[in-house]
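> Before we start, here is the structure in question, set down as structure tokens.
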Amino acid sequence: MAGLDDEAPLTQNALPSKLILFDGVCVLCNGSMRFVMKHERAAVFHFAAIQSDAGQKVLADHGQETEDWDSVVVIEEGRVYRKSDAAVRIARYLRAPWRWLGIIRILPRGLRDWLYDRVARSRYRLFGRYEVCMVPTPEQRGRFLA
């Protein structure tokens, strides 16, 4: 799927069935998305930076906050997954042994999200921040919403 047309509304039907929204200026988040692209069993995910117009529109259309965002978001078949639930959803589509990381789902969500929040709040300090969102390579461009 090529990037979505700027003039076309982002309706549920226009979205890819599996979409990851991520912090486009976070070094850790960008690295995580590159990791997903490299280790997916099949290229099923599409991506958008939360800061992008498309990312903001998708968040708003799904009733999610658009400011001060500190979580990866997976939208799969119209359902929204955040924080550790999003990480568990992503792990399902990775090749082994990475897929096995989904075992964290046996931990209570409160504990998983508490751990997730600790990393999310410190991500810029620990891993750094880009001045601008990443620009996908020509090979990746078709997997990113415009």
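In the structure tokens, chains take letters A, B, ... by order of appearance, with residues numbered from 1 within each chain and ligands from 1 in the order shown.
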For segment 70-83 of chain A, work out the shell of residues within 9 Å, counting only C-alpha atoms and skipping chain neighbours fewer than 3 positions away, then give it as a list in words.
Gln12, Leu15, Pro16, Ser17, Lys18, Leu19, Ile20, Leu21, Phe22, Asp23, Cys29, Ile50, Leu59, His62, Gln64, Ala86, Ala87, Val88, Arg89, Ile90, Arg112, Asp113, Tyr116, Asp117, Ala120 and Arg121 of chain A
> Could the residues in this selection be saved with N, CA, C and O atoms as a CSV table (one decimal), in the first residue's frame?

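Okay, this is what ended up in out_29.csv:
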chain,number,residue,atom,x,y,z
A,12,GLN,N,-11.8,4.1,8.3
A,12,GLN,CA,-11.4,2.8,8.7
A,12,GLN,C,-11.1,1.9,7.5
A,12,GLN,O,-10.2,1.1,7.5
A,15,LEU,N,-7.5,2.5,6.0
A,15,LEU,CA,-6.4,2.1,6.8
A,15,LEU,C,-5.9,0.7,6.5
A,15,LEU,O,-6.7,-0.1,6.2
A,16,PRO,N,-4.6,0.5,6.6
A,16,PRO,CA,-4.1,-0.9,6.5
A,16,PRO,C,-4.6,-1.7,7.7
A,16,PRO,O,-5.0,-1.1,8.7
A,17,SER,N,-4.7,-3.0,7.6
A,17,SER,CA,-5.3,-3.8,8.6
A,17,SER,C,-4.4,-3.8,9.9
A,17,SER,O,-4.9,-4.1,11.0
A,18,LYS,N,-3.1,-3.6,9.7
A,18,LYS,CA,-2.2,-3.6,10.8
A,18,LYS,C,-1.3,-2.4,10.7
A,18,LYS,O,-0.5,-2.3,9.8
A,19,LEU,N,-1.5,-1.5,11.7
A,19,LEU,CA,-0.8,-0.2,11.6
A,19,LEU,C,-0.1,0.1,13.0
A,19,LEU,O,-0.7,-0.1,14.0
A,20,ILE,N,1.2,0.5,12.9
A,20,ILE,CA,1.9,0.9,14.1
A,20,ILE,C,2.2,2.4,14.0
A,20,ILE,O,2.7,2.9,13.1
A,21,LEU,N,1.7,3.1,15.1
A,21,LEU,CA,2.0,4.5,15.3
A,21,LEU,C,3.1,4.6,16.3
A,21,LEU,O,3.0,4.0,17.4
A,22,PHE,N,4.1,5.4,16.0
A,22,PHE,CA,5.3,5.4,16.9
A,22,PHE,C,5.8,6.9,17.0
A,22,PHE,O,5.5,7.7,16.1
A,23,ASP,N,6.6,7.2,18.0
A,23,ASP,CA,7.2,8.5,18.2
A,23,ASP,C,8.3,8.6,17.2
A,23,ASP,O,9.3,8.0,17.3
A,29,CYS,N,12.3,4.4,19.6
A,29,CYS,CA,11.1,4.0,18.9
A,29,CYS,C,11.4,3.8,17.4
A,29,CYS,O,10.9,2.8,16.8
A,50,ILE,N,3.7,9.3,15.0
A,50,ILE,CA,2.6,9.9,15.7
A,50,ILE,C,2.5,11.4,15.4
A,50,ILE,O,1.4,12.0,15.3
A,59,LEU,N,-5.0,8.8,15.2
A,59,LEU,CA,-5.2,8.9,16.6
A,59,LEU,C,-6.6,9.5,16.9
A,59,LEU,O,-7.4,9.0,17.7
A,62,HIS,N,-9.6,7.5,16.2
A,62,HIS,CA,-9.8,6.4,17.1
A,62,HIS,C,-10.0,6.8,18.5
A,62,HIS,O,-9.8,6.0,19.4
A,64,GLN,N,-8.1,8.7,20.5
A,64,GLN,CA,-6.9,8.7,21.3
A,64,GLN,C,-6.4,10.1,21.4
A,64,GLN,O,-6.6,11.0,20.5
A,86,ALA,N,0.3,-3.3,23.0
A,86,ALA,CA,0.8,-3.1,21.6
A,86,ALA,C,2.1,-3.9,21.4
A,86,ALA,O,2.2,-4.5,20.3
A,87,ALA,N,3.0,-3.9,22.3
A,87,ALA,CA,4.2,-4.7,22.2
A,87,ALA,C,3.9,-6.2,22.0
A,87,ALA,O,4.5,-6.9,21.2
A,88,VAL,N,2.9,-6.7,22.8
A,88,VAL,CA,2.5,-8.1,22.7
A,88,VAL,C,1.9,-8.4,21.3
A,88,VAL,O,2.2,-9.4,20.7
A,89,ARG,N,1.1,-7.5,20.8
A,89,ARG,CA,0.5,-7.6,19.5
A,89,ARG,C,1.6,-7.7,18.4
A,89,ARG,O,1.6,-8.5,17.5
A,90,ILE,N,2.6,-6.8,18.5
A,90,ILE,CA,3.7,-6.8,17.5
A,90,ILE,C,4.5,-8.1,17.6
A,90,ILE,O,4.8,-8.7,16.6
A,112,ARG,N,3.0,-4.9,33.5
A,112,ARG,CA,3.6,-4.7,32.2
A,112,ARG,C,3.6,-3.2,31.8
A,112,ARG,O,4.6,-2.6,31.4
A,113,ASP,N,2.4,-2.5,32.0
A,113,ASP,CA,2.3,-1.1,31.7
A,113,ASP,C,3.2,-0.2,32.6
A,113,ASP,O,3.7,0.8,32.2
A,116,TYR,N,6.6,-0.6,31.2
A,116,TYR,CA,6.6,0.2,29.9
A,116,TYR,C,6.7,1.7,30.2
A,116,TYR,O,7.5,2.4,29.5
A,117,ASP,N,5.9,2.2,31.1
A,117,ASP,CA,5.9,3.6,31.4
A,117,ASP,C,7.3,4.1,31.9
A,117,ASP,O,7.7,5.2,31.6
A,120,ALA,N,9.3,4.5,28.8
A,120,ALA,CA,8.7,5.6,27.9
A,120,ALA,C,9.0,6.9,28.5
A,120,ALA,O,9.4,7.9,27.7
A,121,ARG,N,9.0,7.1,29.8
A,121,ARG,CA,9.2,8.4,30.4
A,121,ARG,C,10.7,8.8,30.3
A,121,ARG,O,11.0,10.0,30.3
> So that I can check the secondary structure, give me every residue of chain A assigned strand (DSSP E) by backbone DSSP, as a ChimeraX atom specification.
/A:18-22,46-49,73-76,79-82
> Produce a file of the selected residues containing C-alpha atoms, as a PDB file, in the first residue's frame.

ATOM      1  CA  LYS A  18      -2.184  -3.602  10.850  1.00  0.00           C
ATOM      2  CA  LEU A  19      -0.752  -0.189  11.626  1.00  0.00           C
ATOM      3  CA  ILE A  20       1.915   0.877  14.111  1.00  0.00           C
ATOM      4  CA  LEU A  21       2.014   4.499  15.262  1.00  0.00           C
ATOM      5  CA  PHE A  22       5.287   5.438  16.914  1.00  0.00           C
ATOM      6  CA  HIS A  46       2.367  -0.328   8.022  1.00  0.00           C
ATOM      7  CA  PHE A  47       3.783   2.576  10.005  1.00  0.00           C
ATOM      8  CA  ALA A  48       3.215   6.242  10.760  1.00  0.00           C
ATOM      9  CA  ALA A  49       4.929   8.670  13.078  1.00  0.00           C
ATOM     10  CA  VAL A  73      -0.020   2.306  19.276  1.00  0.00           C
ATOM     11  CA  VAL A  74      -1.046  -0.705  17.232  1.00  0.00           C
ATOM     12  CA  ILE A  75      -4.291  -0.547  15.316  1.00  0.00           C
ATOM     13  CA  GLU A  76      -5.235  -4.001  14.138  1.00  0.00           C
ATOM     14  CA  ARG A  79      -8.935  -2.218  17.474  1.00  0.00           C
ATOM     15  CA  VAL A  80      -6.500   0.019  19.349  1.00  0.00           C
ATOM     16  CA  TYR A  81      -3.696  -1.461  21.466  1.00  0.00           C
ATOM     17  CA  ARG A  82      -1.394   0.714  23.552  1.00  0.00           C
TER      18      ARG A  82
END
> In Å to one decimal, how far is atom CA of Leu94 of chain A from atom CA of Val36 of chain A?
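According to the coordinates, atom CA of Val36 of chain A and atom CA of Leu94 of chain A are separated by 7.1 Å.
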> Wanna dump the segment 4-60 of chain A-segment 126-134 of chain A contacts at 6 Å for me, each residue with its shortest atom pair and the distance in Å to one decimal, counting only C-alpha atoms, ordered by chain and number, as JSON lines?

{"residue": "A:Gly24", "atom": "CA", "partner": "A:Cys133", "partner_atom": "CA", "distance": 4.5}
{"residue": "A:Val25", "atom": "CA", "partner": "A:Tyr130", "partner_atom": "CA", "distance": 4.7}
{"residue": "A:Cys26", "atom": "CA", "partner": "A:Arg129", "partner_atom": "CA", "distance": 4.8}
{"residue": "A:Val27", "atom": "CA", "partner": "A:Arg129", "partner_atom": "CA", "distance": 5.4}
{"residue": "A:Leu28", "atom": "CA", "partner": "A:Phe127", "partner_atom": "CA", "distance": 5.9}
> Save out the residues we just selected, all heavy atoms, as a PDB file, in the first residue's frame.

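Contents of result-v4.pdb, as written:
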ATOM      1  N   GLY A  24       8.041   9.480  16.215  1.00  0.00           N
ATOM      2  CA  GLY A  24       8.961   9.623  15.093  1.00  0.00           C
ATOM      3  C   GLY A  24      10.280  10.304  15.411  1.00  0.00           C
ATOM      4  O   GLY A  24      11.204  10.236  14.615  1.00  0.00           O
ATOM      5  N   VAL A  25      10.395  10.980  16.553  1.00  0.00           N
ATOM      6  CA  VAL A  25      11.657  11.624  16.902  1.00  0.00           C
ATOM      7  C   VAL A  25      12.430  10.849  17.963  1.00  0.00           C
ATOM      8  O   VAL A  25      13.548  11.216  18.309  1.00  0.00           O
ATOM      9  CB  VAL A  25      11.451  13.089  17.361  1.00  0.00           C
ATOM     10  CG1 VAL A  25      10.879  13.927  16.221  1.00  0.00           C
ATOM     11  CG2 VAL A  25      10.606  13.181  18.606  1.00  0.00           C
ATOM     12  N   CYS A  26      11.869   9.777  18.474  1.00  0.00           N
ATOM     13  CA  CYS A  26      12.506   8.965  19.516  1.00  0.00           C
ATOM     14  C   CYS A  26      13.464   7.960  18.882  1.00  0.00           C
ATOM     15  O   CYS A  26      13.066   7.174  18.020  1.00  0.00           O
ATOM     16  CB  CYS A  26      11.425   8.247  20.315  1.00  0.00           C
ATOM     17  SG  CYS A  26      12.017   6.975  21.422  1.00  0.00           S
ATOM     18  N   VAL A  27      14.716   7.980  19.311  1.00  0.00           N
ATOM     19  CA  VAL A  27      15.719   7.074  18.771  1.00  0.00           C
ATOM     20  C   VAL A  27      15.322   5.615  19.068  1.00  0.00           C
ATOM     21  O   VAL A  27      15.394   4.753  18.186  1.00  0.00           O
ATOM     22  CB  VAL A  27      17.118   7.397  19.338  1.00  0.00           C
ATOM     23  CG1 VAL A  27      18.133   6.337  18.947  1.00  0.00           C
ATOM     24  CG2 VAL A  27      17.567   8.772  18.865  1.00  0.00           C
ATOM     25  N   LEU A  28      14.889   5.331  20.288  1.00  0.00           N
ATOM     26  CA  LEU A  28      14.461   3.974  20.648  1.00  0.00           C
ATOM     27  C   LEU A  28      13.279   3.521  19.796  1.00  0.00           C
ATOM     28  O   LEU A  28      13.274   2.396  19.280  1.00  0.00           O
ATOM     29  CB  LEU A  28      14.091   3.907  22.131  1.00  0.00           C
ATOM     30  CG  LEU A  28      13.477   2.591  22.620  1.00  0.00           C
ATOM     31  CD1 LEU A  28      14.482   1.450  22.497  1.00  0.00           C
ATOM     32  CD2 LEU A  28      12.990   2.740  24.063  1.00  0.00           C
TER      33      LEU A  28
END
> Find, counting only C-alpha atoms, the residue in A:Gly55, A:Tyr93, A:Arg105, A:Met37 that gets nearest to Arg141 of chain A.
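Ranking A:Gly55, A:Tyr93, A:Arg105, A:Met37 by distance to Arg141 of chain A, first place goes to A:Met37.
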> Identify all residues of chain A in helix (DSSP H, G or I) (DSSP on the backbone) and supply them as an MDAnalysis selection string.
chainID A and resid 12:14 27:39 53:61 83:91 98:106 109:127 141:143
> Pick the closest to Leu107 of chain A from A:Ser84, A:Arg123, A:Phe35, A:Ala54: which is it, counting only C-alpha atoms?
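Result for the nearest residue to Leu107 of chain A: A:Ser84.
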> Could you jot down the atom CA of Ala60 of chain A to atom CA of Met33 of chain A separation for me, Å, one decimal place?
21.8 Å
> Just give me the gap between atom CA of Arg109 of chain A and atom CA of Asp85 of chain A in Å, one decimal is fine.
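Between atom CA of Arg109 of chain A and atom CA of Asp85 of chain A the gap works out to 7.7 Å.
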